[in-house]
$ cat target32.pdb   # PDB, C-alpha atoms
MODEL        1
ATOM      1  CA  MET A   1     -95.026  48.033-115.983
ATOM      2  CA  ILE A   2     -94.463  44.705-114.214
ATOM      3  CA  ALA A   3     -90.717  45.318-114.345
ATOM      4  CA  SER A   4     -91.241  48.748-112.772
ATOM      5  CA  VAL A   5     -93.199  47.272-109.884
ATOM      6  CA  LEU A   6     -90.567  44.601-109.332
ATOM      7  CA  SER A   7     -87.762  47.117-109.437
ATOM      8  CA  GLY A   8     -89.322  49.056-106.582
ATOM      9  CA  ASP A   9     -91.978  51.326-108.072
ATOM     10  CA  ARG A  10     -94.701  49.416-106.241
ATOM     11  CA  GLU A  11     -97.300  52.151-106.644
ATOM     12  CA  LYS A  12     -97.472  51.198-110.321
ATOM     13  CA  TYR A  13     -99.223  48.007-109.279
ATOM     14  CA  HIS A  14    -102.430  50.029-108.930
ATOM     15  CA  ASP A  15    -102.306  50.960-112.612
ATOM     16  CA  LEU A  16    -101.233  47.495-113.643
ATOM     17  CA  ILE A  17    -104.339  45.809-112.276
ATOM     18  CA  ARG A  18    -107.025  48.399-112.998
ATOM     19  CA  PRO A  19    -107.966  46.894-116.388
ATOM     20  CA  TYR A  20    -108.534  43.496-114.771
ATOM     21  CA  GLU A  21    -110.731  44.404-111.814
ATOM     22  CA  GLN A  22    -113.977  43.410-113.461
ATOM     23  CA  SER A  23    -112.603  40.152-114.892
ATOM     24  CA  VAL A  24    -111.230  39.038-111.556
ATOM     25  CA  TYR A  25    -114.384  40.001-109.684
ATOM     26  CA  ARG A  26    -116.542  38.224-112.249
ATOM     27  CA  MET A  27    -114.540  35.011-111.903
ATOM     28  CA  ALA A  28    -114.742  35.261-108.128
ATOM     29  CA  LEU A  29    -118.477  35.910-108.202
ATOM     30  CA  SER A  30    -119.040  32.865-110.371
ATOM     31  CA  PHE A  31    -117.777  30.726-107.498
ATOM     32  CA  MET A  32    -118.756  32.605-104.393
ATOM     33  CA  LYS A  33    -122.451  32.976-103.904
ATOM     34  CA  SER A  34    -122.356  36.355-102.216
ATOM     35  CA  GLU A  35    -120.973  39.622-103.502
ATOM     36  CA  SER A  36    -119.010  40.207-100.306
ATOM     37  CA  ASP A  37    -117.294  36.798-100.513
ATOM     38  CA  ALA A  38    -116.543  37.443-104.171
ATOM     39  CA  GLU A  39    -115.026  40.797-103.279
ATOM     40  CA  ASP A  40    -112.866  39.159-100.604
ATOM     41  CA  VAL A  41    -111.649  36.572-103.093
ATOM     42  CA  ALA A  42    -110.907  39.240-105.682
ATOM     43  CA  GLN A  43    -108.960  41.315-103.142
ATOM     44  CA  GLU A  44    -106.977  38.278-102.004
ATOM     45  CA  ALA A  45    -106.239  37.355-105.610
ATOM     46  CA  PHE A  46    -104.840  40.814-106.331
ATOM     47  CA  LEU A  47    -102.803  40.737-103.108
ATOM     48  CA  ASN A  48    -101.442  37.276-103.907
ATOM     49  CA  ALA A  49    -100.554  38.415-107.395
ATOM     50  CA  PHE A  50     -98.678  41.379-105.909
ATOM     51  CA  ARG A  51     -96.790  39.192-103.435
ATOM     52  CA  ASN A  52     -95.886  36.685-106.130
ATOM     53  CA  LEU A  53     -95.331  39.042-109.019
ATOM     54  CA  ALA A  54     -91.681  38.015-109.245
ATOM     55  CA  ALA A  55     -92.869  34.502-110.112
ATOM     56  CA  PHE A  56     -94.718  35.760-113.187
ATOM     57  CA  ARG A  57     -92.455  34.883-116.054
ATOM     58  CA  GLY A  58     -94.594  36.022-118.924
ATOM     59  CA  GLN A  59     -95.245  32.525-120.330
ATOM     60  CA  ALA A  60     -98.942  33.374-120.215
ATOM     61  CA  LYS A  61    -100.622  36.750-120.508
ATOM     62  CA  PHE A  62    -100.811  38.671-117.241
ATOM     63  CA  SER A  63    -104.608  38.474-117.382
ATOM     64  CA  THR A  64    -104.501  34.680-117.695
ATOM     65  CA  TRP A  65    -102.105  34.464-114.760
ATOM     66  CA  LEU A  66    -104.377  36.663-112.652
ATOM     67  CA  ILE A  67    -107.394  34.541-113.520
ATOM     68  CA  SER A  68    -105.525  31.384-112.464
ATOM     69  CA  ILE A  69    -104.712  32.962-109.109
ATOM     70  CA  THR A  70    -108.356  33.972-108.698
ATOM     71  CA  LEU A  71    -109.576  30.467-109.479
ATOM     72  CA  ASN A  72    -107.154  28.985-106.957
ATOM     73  CA  GLU A  73    -108.200  31.463-104.302
ATOM     74  CA  ALA A  74    -111.907  30.811-104.905
ATOM     75  CA  ARG A  75    -111.499  27.035-104.928
ATOM     76  CA  GLY A  76    -109.354  27.094-101.808
ATOM     77  CA  ARG A  77    -111.840  29.227 -99.961
ATOM     78  CA  LEU A  78    -114.760  27.040-100.970
ATOM     79  CA  ARG A  79    -112.935  23.976 -99.728
ATOM     80  CA  ARG A  80    -112.066  25.652 -96.466
ATOM     81  CA  GLN A  81    -115.609  26.842 -95.965
ATOM     82  CA  SER A  82    -117.020  23.469 -97.030
ATOM     83  CA  LEU A  83    -119.415  25.361 -99.208
ATOM     84  CA  VAL A  84    -118.712  23.268-102.251
ATOM     85  CA  ARG A  85    -121.914  22.378-104.003
ATOM     86  CA  MET A  86    -123.050  18.815-104.374
ATOM     87  CA  GLU A  87    -120.813  18.228-107.365
ATOM     88  CA  SER A  88    -117.069  17.990-106.845
ATOM     89  CA  LEU A  89    -114.914  20.773-108.210
ATOM     90  CA  ASP A  90    -112.611  18.183-109.680
ATOM     91  CA  GLU A  91    -115.057  15.829-111.332
ATOM     92  CA  THR A  92    -115.016  15.650-115.081
ATOM     93  CA  PRO A  93    -118.553  14.900-116.191
ATOM     94  CA  GLU A  94    -117.814  15.764-119.812
ATOM     95  CA  GLU A  95    -117.678  12.053-120.557
ATOM     96  CA  GLY A  96    -121.458  12.026-120.083
ATOM     97  CA  GLY A  97    -124.005  11.734-122.840
ATOM     98  CA  ARG A  98    -124.984  14.241-125.475
ATOM     99  CA  VAL A  99    -126.497  17.534-124.342
ATOM    100  CA  SER A 100    -129.535  18.531-126.377
ATOM    101  CA  PRO A 101    -130.534  22.147-126.999
ATOM    102  CA  ALA A 102    -133.985  23.680-126.565
ATOM    103  CA  LEU A 103    -135.853  23.159-129.825
ATOM    104  CA  LEU A 104    -137.249  26.262-131.463
ATOM    105  CA  ARG A 105    -138.773  26.975-134.838
ATOM    106  CA  ASP A 106    -137.582  30.549-134.952
ATOM    107  CA  TRP A 107    -135.565  32.950-132.849
ATOM    108  CA  ARG A 108    -136.393  36.575-132.240
ATOM    109  CA  GLU A 109    -133.115  38.373-131.570
ATOM    110  CA  VAL A 110    -132.855  39.721-128.012
ATOM    111  CA  PRO A 111    -131.000  43.040-128.334
ATOM    112  CA  SER A 112    -128.358  44.073-125.821
ATOM    113  CA  GLU A 113    -130.631  46.923-124.686
ATOM    114  CA  ALA A 114    -132.646  44.219-122.951
ATOM    115  CA  LEU A 115    -129.839  44.102-120.380
ATOM    116  CA  GLU A 116    -131.115  47.381-119.005
ATOM    117  CA  ARG A 117    -133.803  45.211-117.442
ATOM    118  CA  LYS A 118    -132.747  43.763-114.130
ATOM    119  CA  GLU A 119    -134.688  40.544-114.594
ATOM    120  CA  ILE A 120    -132.853  39.791-117.832
ATOM    121  CA  ARG A 121    -129.447  40.295-116.170
ATOM    122  CA  GLU A 122    -130.588  38.122-113.288
ATOM    123  CA  MET A 123    -131.766  35.439-115.692
ATOM    124  CA  LEU A 124    -128.348  35.280-117.335
ATOM    125  CA  ARG A 125    -126.463  35.266-114.020
ATOM    126  CA  GLN A 126    -128.611  32.474-112.653
ATOM    127  CA  ALA A 127    -128.144  30.362-115.769
ATOM    128  CA  ILE A 128    -124.356  30.690-115.475
ATOM    129  CA  ASP A 129    -124.502  30.034-111.721
ATOM    130  CA  GLY A 130    -126.508  26.916-112.448
ATOM    131  CA  LEU A 131    -123.727  25.364-114.496
ATOM    132  CA  ALA A 132    -121.346  22.916-112.817
ATOM    133  CA  PRO A 133    -118.039  24.662-112.025
ATOM    134  CA  ILE A 134    -116.090  23.013-114.849
ATOM    135  CA  TYR A 135    -118.574  24.398-117.366
ATOM    136  CA  ARG A 136    -118.954  27.779-115.690
ATOM    137  CA  GLU A 137    -115.190  28.296-115.816
ATOM    138  CA  VAL A 138    -114.844  27.715-119.533
ATOM    139  CA  VAL A 139    -117.846  29.858-120.438
ATOM    140  CA  LEU A 140    -116.595  32.736-118.329
ATOM    141  CA  LEU A 141    -113.059  32.565-119.654
ATOM    142  CA  ARG A 142    -113.867  31.910-123.286
ATOM    143  CA  ASP A 143    -117.177  33.673-123.874
ATOM    144  CA  VAL A 144    -117.199  36.391-121.220
ATOM    145  CA  GLU A 145    -113.496  37.221-120.878
ATOM    146  CA  GLU A 146    -112.943  36.293-124.514
ATOM    147  CA  LEU A 147    -109.744  34.363-123.935
ATOM    148  CA  SER A 148    -108.696  32.065-126.756
ATOM    149  CA  VAL A 149    -109.211  28.317-126.409
ATOM    150  CA  GLU A 150    -105.481  27.944-125.763
ATOM    151  CA  GLU A 151    -105.422  30.671-123.102
ATOM    152  CA  THR A 152    -108.456  29.122-121.434
ATOM    153  CA  ALA A 153    -106.666  25.771-121.352
ATOM    154  CA  THR A 154    -103.601  27.424-119.793
ATOM    155  CA  ALA A 155    -105.625  29.244-117.133
ATOM    156  CA  LEU A 156    -107.467  26.081-116.140
ATOM    157  CA  THR A 157    -104.471  23.747-116.641
ATOM    158  CA  ILE A 158    -106.534  21.430-118.815
ATOM    159  CA  SER A 159    -106.110  20.322-122.411
ATOM    160  CA  VAL A 160    -107.375  22.254-125.418
ATOM    161  CA  ALA A 161    -109.594  19.274-126.264
ATOM    162  CA  SER A 162    -111.198  19.428-122.808
ATOM    163  CA  VAL A 163    -111.838  23.144-123.209
ATOM    164  CA  LYS A 164    -113.619  22.520-126.501
ATOM    165  CA  THR A 165    -115.709  19.671-125.112
ATOM    166  CA  ARG A 166    -116.703  21.559-121.976
ATOM    167  CA  LEU A 167    -117.366  24.738-123.899
ATOM    168  CA  HIS A 168    -119.673  22.983-126.309
ATOM    169  CA  ARG A 169    -121.645  21.378-123.522
ATOM    170  CA  ALA A 170    -121.777  24.594-121.518
ATOM    171  CA  ARG A 171    -123.054  26.626-124.456
ATOM    172  CA  ILE A 172    -125.747  24.101-125.283
ATOM    173  CA  MET A 173    -126.777  23.926-121.612
ATOM    174  CA  LEU A 174    -127.082  27.709-121.492
ATOM    175  CA  GLN A 175    -129.128  27.685-124.680
ATOM    176  CA  LYS A 176    -131.375  24.991-123.262
ATOM    177  CA  VAL A 177    -132.068  26.968-120.083
ATOM    178  CA  LEU A 178    -132.088  30.482-121.446
ATOM    179  CA  ALA A 179    -133.698  30.260-124.861
ATOM    180  CA  PRO A 180    -137.187  29.427-123.508
ATOM    181  CA  GLN A 181    -136.883  32.044-120.741
ATOM    182  CA  LEU A 182    -135.624  34.798-123.001
ATOM    183  CA  ARG A 183    -138.221  33.952-125.594
ATOM    184  CA  THR A 184    -140.936  34.515-123.032
ATOM    185  CA  ALA A 185    -139.300  37.700-121.783
ATOM    186  CA  ASN A 186    -138.731  39.010-125.302
ATOM    187  CA  PRO A 187    -142.018  40.711-126.218
ATOM    188  CA  LYS A 188    -143.688  40.396-129.586
ATOM    189  CA  ARG A 189    -143.706  44.157-129.810
ATOM    190  CA  ARG A 190    -140.506  45.933-130.660
ATOM    191  CA  TRP A 191    -138.138  46.598-127.787
ATOM    192  CA  PHE A 192    -138.058  50.354-128.104
ATOM    193  CA  GLN A 193    -141.761  50.490-127.378
ATOM    194  CA  TRP A 194    -141.076  48.960-123.978
ATOM    195  CA  SER A 195    -138.272  51.200-122.878
TER     196      SER A 195
ATOM    197  CA  MET B   1    -123.766  13.636-147.838
ATOM    198  CA  VAL B   2    -126.554  14.872-145.555
ATOM    199  CA  ILE B   3    -126.327  15.084-141.775
ATOM    200  CA  GLU B   4    -129.138  14.895-139.252
ATOM    201  CA  CYS B   5    -130.136  17.619-136.819
ATOM    202  CA  LYS B   6    -128.602  15.924-133.789
ATOM    203  CA  HIS B   7    -125.243  15.772-135.559
ATOM    204  CA  VAL B   8    -125.496  19.458-136.376
ATOM    205  CA  TRP B   9    -126.067  20.186-132.675
ATOM    206  CA  ASP B  10    -122.714  18.549-131.922
ATOM    207  CA  HIS B  11    -121.050  21.151-134.111
ATOM    208  CA  ILE B  12    -122.847  24.308-132.907
ATOM    209  CA  SER B  13    -119.969  25.416-130.691
ATOM    210  CA  GLY B  14    -117.317  24.708-133.309
ATOM    211  CA  TYR B  15    -119.416  26.492-135.919
ATOM    212  CA  LEU B  16    -119.689  29.589-133.727
ATOM    213  CA  ASP B  17    -115.926  29.547-133.147
ATOM    214  CA  ASP B  18    -115.273  28.917-136.839
ATOM    215  CA  SER B  19    -113.065  26.010-135.845
ATOM    216  CA  LEU B  20    -114.704  23.203-137.832
ATOM    217  CA  PRO B  21    -112.830  21.447-140.639
ATOM    218  CA  PRO B  22    -113.947  22.961-143.984
ATOM    219  CA  GLU B  23    -115.852  19.860-145.091
ATOM    220  CA  THR B  24    -117.774  19.643-141.796
ATOM    221  CA  ARG B  25    -118.556  23.342-141.892
ATOM    222  CA  GLU B  26    -119.869  22.926-145.415
ATOM    223  CA  LEU B  27    -122.165  20.083-144.315
ATOM    224  CA  VAL B  28    -123.467  22.087-141.364
ATOM    225  CA  GLN B  29    -123.937  25.157-143.541
ATOM    226  CA  ARG B  30    -125.978  23.231-146.080
ATOM    227  CA  HIS B  31    -128.140  21.739-143.333
ATOM    228  CA  LEU B  32    -128.745  25.162-141.792
ATOM    229  CA  GLU B  33    -129.937  26.550-145.087
ATOM    230  CA  HIS B  34    -133.019  24.351-145.058
ATOM    231  CA  CYS B  35    -133.538  23.511-141.364
ATOM    232  CA  GLU B  36    -135.373  26.225-139.448
ATOM    233  CA  ILE B  37    -134.988  24.397-136.113
ATOM    234  CA  CYS B  38    -131.200  24.125-136.283
ATOM    235  CA  SER B  39    -130.980  27.707-137.577
ATOM    236  CA  ALA B  40    -133.028  28.881-134.577
ATOM    237  CA  ILE B  41    -130.812  26.880-132.206
ATOM    238  CA  LEU B  42    -127.691  28.410-133.718
ATOM    239  CA  ASP B  43    -129.127  31.952-133.651
ATOM    240  CA  SER B  44    -130.350  31.627-130.065
ATOM    241  CA  THR B  45    -127.019  30.217-128.859
ATOM    242  CA  ARG B  46    -125.100  33.025-130.547
ATOM    243  CA  ASN B  47    -127.512  35.614-129.163
ATOM    244  CA  ILE B  48    -127.226  34.204-125.628
ATOM    245  CA  LEU B  49    -123.421  34.259-125.745
ATOM    246  CA  VAL B  50    -123.431  37.898-126.870
ATOM    247  CA  LEU B  51    -125.741  38.837-123.988
ATOM    248  CA  THR B  52    -123.714  36.827-121.472
ATOM    249  CA  ALA B  53    -120.504  38.616-122.433
ATOM    250  CA  ASP B  54    -121.988  42.061-121.756
ATOM    251  CA  ASP B  55    -120.333  43.910-118.862
ATOM    252  CA  ARG B  56    -123.749  44.782-117.438
ATOM    253  CA  VAL B  57    -124.415  41.155-116.452
ATOM    254  CA  PHE B  58    -121.728  41.140-113.757
ATOM    255  CA  GLU B  59    -121.226  44.698-112.585
ATOM    256  CA  LEU B  60    -118.692  45.663-109.943
ATOM    257  CA  PRO B  61    -120.252  46.541-106.578
ATOM    258  CA  VAL B  62    -120.261  50.222-105.671
ATOM    259  CA  GLY B  63    -116.972  51.135-103.986
ATOM    260  CA  PHE B  64    -115.198  47.949-105.088
ATOM    261  CA  SER B  65    -112.216  49.725-106.637
ATOM    262  CA  GLU B  66    -111.791  52.122-103.725
ATOM    263  CA  ARG B  67    -111.760  49.300-101.181
ATOM    264  CA  LEU B  68    -109.404  47.204-103.288
ATOM    265  CA  HIS B  69    -106.873  49.971-103.814
ATOM    266  CA  ALA B  70    -107.022  51.024-100.174
ATOM    267  CA  ARG B  71    -106.137  47.467 -99.209
ATOM    268  CA  LEU B  72    -103.369  47.377-101.793
ATOM    269  CA  ASP B  73    -102.026  50.635-100.380
ATOM    270  CA  ARG B  74    -101.659  48.984 -96.993
ATOM    271  CA  GLU B  75     -99.938  45.972 -98.562
ATOM    272  CA  ILE B  76     -97.617  48.137-100.633
ATOM    273  CA  ALA B  77     -96.741  50.256 -97.606
ATOM    274  CA  GLY B  78     -95.922  47.073 -95.688
ATOM    275  CA  ALA B  79     -93.806  45.729 -98.530
ATOM    276  CA  SER B  80     -91.923  49.020 -98.753
ATOM    277  CA  ARG B  81     -91.104  48.908 -95.042
ATOM    278  CA  ASP B  82     -89.903  45.304 -95.392
ATOM    279  CA  PRO B  83     -88.689  44.832 -98.986
ATOM    280  CA  GLY B  84     -87.966  41.113 -98.544
ATOM    281  CA  LYS B  85     -91.535  40.320 -97.534
ATOM    282  CA  ASP B  86     -93.269  40.604-100.907
ATOM    283  CA  SER B  87     -91.442  37.672-102.418
ATOM    284  CA  ALA B  88     -91.522  35.506 -99.316
ATOM    285  CA  ASP B  89     -94.951  33.817 -99.892
TER     286      ASP B  89
ENDMDL
END
$ encode --input "target32.pdb" --output "structure tokens"
Amino acid sequence: MIASVLSGDREKYHDLIRPYEQSVYRMALSFMKSESDAEDVAQEAFLNAFRNLAAFRGQAKFSTWLISITLNEARGRLRRQSLVRMESLDETPEEGGRVSPALLRDWREVPSEALERKEIREMLRQAIDGLAPIYREVVLLRDVEELSVEETATALTISVASVKTRLHRARIMLQKVLAPQLRTANPKRRWFQWS
Amino acid sequence: MVIECKHVWDHISGYLDDSLPPETRELVQRHLEHCEICSAILDSTRNILVLTADDRVFELPVGFSERLHARLDREIAGASRDPGKDSAD
């Protein structure tokens, strides 16, 4: 399909990108704090990908390439807008000390039906938003987009070892924040009685 | 050999990804069998990652696709009028 677009059938670009709309928007939203900014970033990313499609050589998957463009667009816009949070986008705090999880004696499974509740979705979004960018990126790529460790490393242009270190810390940080909140939100009664 | 809880925590991510060396995985597995705290930490982390990956957490805004493709239409029309432009950036 990429070859078709490049050879002049540009309308095919619509079909090419449809499967990636949510992934690109999600990456953009993880950086931009408003939905409208995230939408702008996502649109720019898709436009940039179209303009530079000839540069895509297929070394990485198309999705990974698109994600890289989205990250660059989001980072560039944040720098231009001087909206970068207190921590630098380039710092590498993974050298820091050990991250400890929230300690629990048991865990009551929170079923995916719980996501029908707005406050649960909001809880998850806020926990991810609360991560420093270097951790947010790896969680989104590896655990949300389900890229492999190697693909995540390619998209972020970091080493596989860094991906693993950041991913571990990010997952434990999410557990530390979310486990107590979800535990409180997860009723003792069965879920179906609440819905 | 027995490992302490805090060492198990260092391997939670690798355990979930099934990327630990066999001997380390075996040690973690044996610890988990008798440690309810580490088992709960592992279960909660796995549960949280499953929830996080659900498409409902980050939904597309209403009209997102329509606006995106309308903008692409304008870009594509421009590129078609000036075929050299799309590779110029």
$ closest_atom_pairs --input "target32.pdb" --of "chain A" --to "chain B" --cutoff "6 Å" --atoms "all atoms listed in the file" --output "Markdown table"
| residue | atom | partner | partner_atom | distance |
| --- | --- | --- | --- | --- |
| A:Gln43 | CA | B:Leu68 | CA | 5.9 |
| A:Arg51 | CA | B:Asp86 | CA | 4.6 |
| A:Asn52 | CA | B:Ser87 | CA | 5.9 |
| A:Leu104 | CA | B:Ile37 | CA | 5.5 |
| A:Arg105 | CA | B:Ile37 | CA | 4.8 |
| A:Asp106 | CA | B:Ala40 | CA | 4.9 |
| A:Trp107 | CA | B:Ala40 | CA | 5.1 |
| A:Arg121 | CA | B:Val57 | CA | 5.1 |
| A:Val144 | CA | B:Ala53 | CA | 4.2 |
| A:His168 | CA | B:Ser13 | CA | 5.0 |
| A:Gln175 | CA | B:Thr45 | CA | 5.3 |
$ resolve_selection --input "target32.pdb" --expression "the PyMOL selection byres ((chain B and resi 31) around 8)" --output "ChimeraX atom specification"
/B:2-3,5,8,27-30,32-35
$ write_last_selection --input "target32.pdb" --atoms "C-alpha atoms" --output "PDB file, in the frame of the given file"
ATOM      1  CA  VAL B   2    -126.554  14.872-145.555  1.00  0.00           C
ATOM      2  CA  ILE B   3    -126.327  15.084-141.775  1.00  0.00           C
ATOM      3  CA  CYS B   5    -130.136  17.619-136.819  1.00  0.00           C
ATOM      4  CA  VAL B   8    -125.496  19.458-136.376  1.00  0.00           C
ATOM      5  CA  LEU B  27    -122.165  20.083-144.315  1.00  0.00           C
ATOM      6  CA  VAL B  28    -123.467  22.087-141.364  1.00  0.00           C
ATOM      7  CA  GLN B  29    -123.937  25.157-143.541  1.00  0.00           C
ATOM      8  CA  ARG B  30    -125.978  23.231-146.080  1.00  0.00           C
ATOM      9  CA  LEU B  32    -128.745  25.162-141.792  1.00  0.00           C
ATOM     10  CA  GLU B  33    -129.937  26.550-145.087  1.00  0.00           C
ATOM     11  CA  HIS B  34    -133.019  24.351-145.058  1.00  0.00           C
ATOM     12  CA  CYS B  35    -133.538  23.511-141.364  1.00  0.00           C
TER      13      CYS B  35
END
$ atom_distance --input "target32.pdb" --atom1 "CA of Arg142 in chain A" --atom2 "CA of Glu119 in chain A"
24.2 Å
$ closest_residue --input "target32.pdb" --among "B:Arg74, B:Glu4, B:Leu20, B:Glu26" --to "Glu11 in chain A" --atoms "all atoms listed in the file"
B:Arg74
$ resolve_selection --input "target32.pdb" --expression "the PyMOL selection byres ((chain A and resi 56) around 12)" --output "PyMOL selection string"
(chain A and resi 2-3+6+48-55+57-66+68-69) or (chain B and resi 87)
$ atom_distance --input "target32.pdb" --atom1 "CA of Val24 in chain A" --atom2 "CA of Gly76 in chain A"
15.5 Å
$ residues_around --input "target32.pdb" --residues "range 28-32 of chain A" --least-positions-apart "2" --cutoff "9 Å" --atoms "only C-alpha atoms" --output "ChimeraX atom specification"
/A:23-26,34-42,70-71,73-75,77-78,83,125,128-129,133,136-137,140 /B:58
$ resolve_selection --input "target32.pdb" --expression "the PyMOL selection byres ((chain A and resi 162) around 12)" --output "ChimeraX atom specification"
/A:92-95,134-135,137-138,149-150,152-154,156-161,163-170
$ atom_distance --input "target32.pdb" --atom1 "CA of Ala45 in chain A" --atom2 "CA of Pro19 in chain A"
14.5 Å
$ build_atoms --input "target32.pdb" --residues "range 134-151 of chain A" --atoms "N, CA and C atoms" --output "PDB file, in the coordinates of the input"
ATOM      1  N   ILE A 134    -116.990  23.214-113.694  1.00  0.00           N
ATOM      2  CA  ILE A 134    -116.090  23.013-114.849  1.00  0.00           C
ATOM      3  C   ILE A 134    -116.654  23.635-116.123  1.00  0.00           C
ATOM      4  N   TYR A 135    -117.974  23.756-116.191  1.00  0.00           N
ATOM      5  CA  TYR A 135    -118.574  24.398-117.366  1.00  0.00           C
ATOM      6  C   TYR A 135    -118.614  25.911-117.197  1.00  0.00           C
ATOM      7  N   ARG A 136    -118.893  26.347-115.973  1.00  0.00           N
ATOM      8  CA  ARG A 136    -118.954  27.779-115.690  1.00  0.00           C
ATOM      9  C   ARG A 136    -117.598  28.432-116.002  1.00  0.00           C
ATOM     10  N   GLU A 137    -116.535  27.749-115.593  1.00  0.00           N
ATOM     11  CA  GLU A 137    -115.190  28.296-115.816  1.00  0.00           C
ATOM     12  C   GLU A 137    -114.913  28.549-117.293  1.00  0.00           C
ATOM     13  N   VAL A 138    -115.196  27.547-118.121  1.00  0.00           N
ATOM     14  CA  VAL A 138    -114.844  27.715-119.533  1.00  0.00           C
ATOM     15  C   VAL A 138    -115.704  28.778-120.207  1.00  0.00           C
ATOM     16  N   VAL A 139    -116.978  28.836-119.837  1.00  0.00           N
ATOM     17  CA  VAL A 139    -117.846  29.858-120.438  1.00  0.00           C
ATOM     18  C   VAL A 139    -117.373  31.252-120.049  1.00  0.00           C
ATOM     19  N   LEU A 140    -117.034  31.416-118.781  1.00  0.00           N
ATOM     20  CA  LEU A 140    -116.595  32.736-118.329  1.00  0.00           C
ATOM     21  C   LEU A 140    -115.286  33.144-118.992  1.00  0.00           C
ATOM     22  N   LEU A 141    -114.354  32.214-119.075  1.00  0.00           N
ATOM     23  CA  LEU A 141    -113.059  32.565-119.654  1.00  0.00           C
ATOM     24  C   LEU A 141    -113.148  32.772-121.162  1.00  0.00           C
ATOM     25  N   ARG A 142    -113.839  31.866-121.815  1.00  0.00           N
ATOM     26  CA  ARG A 142    -113.867  31.910-123.286  1.00  0.00           C
ATOM     27  C   ARG A 142    -114.901  32.914-123.809  1.00  0.00           C
ATOM     28  N   ASP A 143    -116.104  32.863-123.293  1.00  0.00           N
ATOM     29  CA  ASP A 143    -117.177  33.673-123.874  1.00  0.00           C
ATOM     30  C   ASP A 143    -117.372  35.019-123.192  1.00  0.00           C
ATOM     31  N   VAL A 144    -117.037  35.108-121.911  1.00  0.00           N
ATOM     32  CA  VAL A 144    -117.199  36.391-121.220  1.00  0.00           C
ATOM     33  C   VAL A 144    -115.886  37.170-121.257  1.00  0.00           C
ATOM     34  N   GLU A 145    -114.797  36.526-120.851  1.00  0.00           N
ATOM     35  CA  GLU A 145    -113.496  37.221-120.878  1.00  0.00           C
ATOM     36  C   GLU A 145    -112.858  37.204-122.264  1.00  0.00           C
ATOM     37  N   GLU A 146    -113.408  36.381-123.126  1.00  0.00           N
ATOM     38  CA  GLU A 146    -112.943  36.293-124.514  1.00  0.00           C
ATOM     39  C   GLU A 146    -111.487  35.880-124.647  1.00  0.00           C
ATOM     40  N   LEU A 147    -111.056  34.977-123.769  1.00  0.00           N
ATOM     41  CA  LEU A 147    -109.744  34.363-123.935  1.00  0.00           C
ATOM     42  C   LEU A 147    -109.837  33.378-125.095  1.00  0.00           C
ATOM     43  N   SER A 148    -108.694  33.079-125.701  1.00  0.00           N
ATOM     44  CA  SER A 148    -108.696  32.065-126.756  1.00  0.00           C
ATOM     45  C   SER A 148    -108.850  30.688-126.109  1.00  0.00           C
ATOM     46  N   VAL A 149    -109.107  29.687-126.930  1.00  0.00           N
ATOM     47  CA  VAL A 149    -109.211  28.317-126.409  1.00  0.00           C
ATOM     48  C   VAL A 149    -107.899  27.921-125.724  1.00  0.00           C
ATOM     49  N   GLU A 150    -106.796  28.299-126.326  1.00  0.00           N
ATOM     50  CA  GLU A 150    -105.481  27.944-125.763  1.00  0.00           C
ATOM     51  C   GLU A 150    -105.250  28.654-124.429  1.00  0.00           C
ATOM     52  N   GLU A 151    -105.591  29.926-124.360  1.00  0.00           N
ATOM     53  CA  GLU A 151    -105.422  30.671-123.102  1.00  0.00           C
ATOM     54  C   GLU A 151    -106.321  30.107-122.006  1.00  0.00           C
TER      55      GLU A 151
END
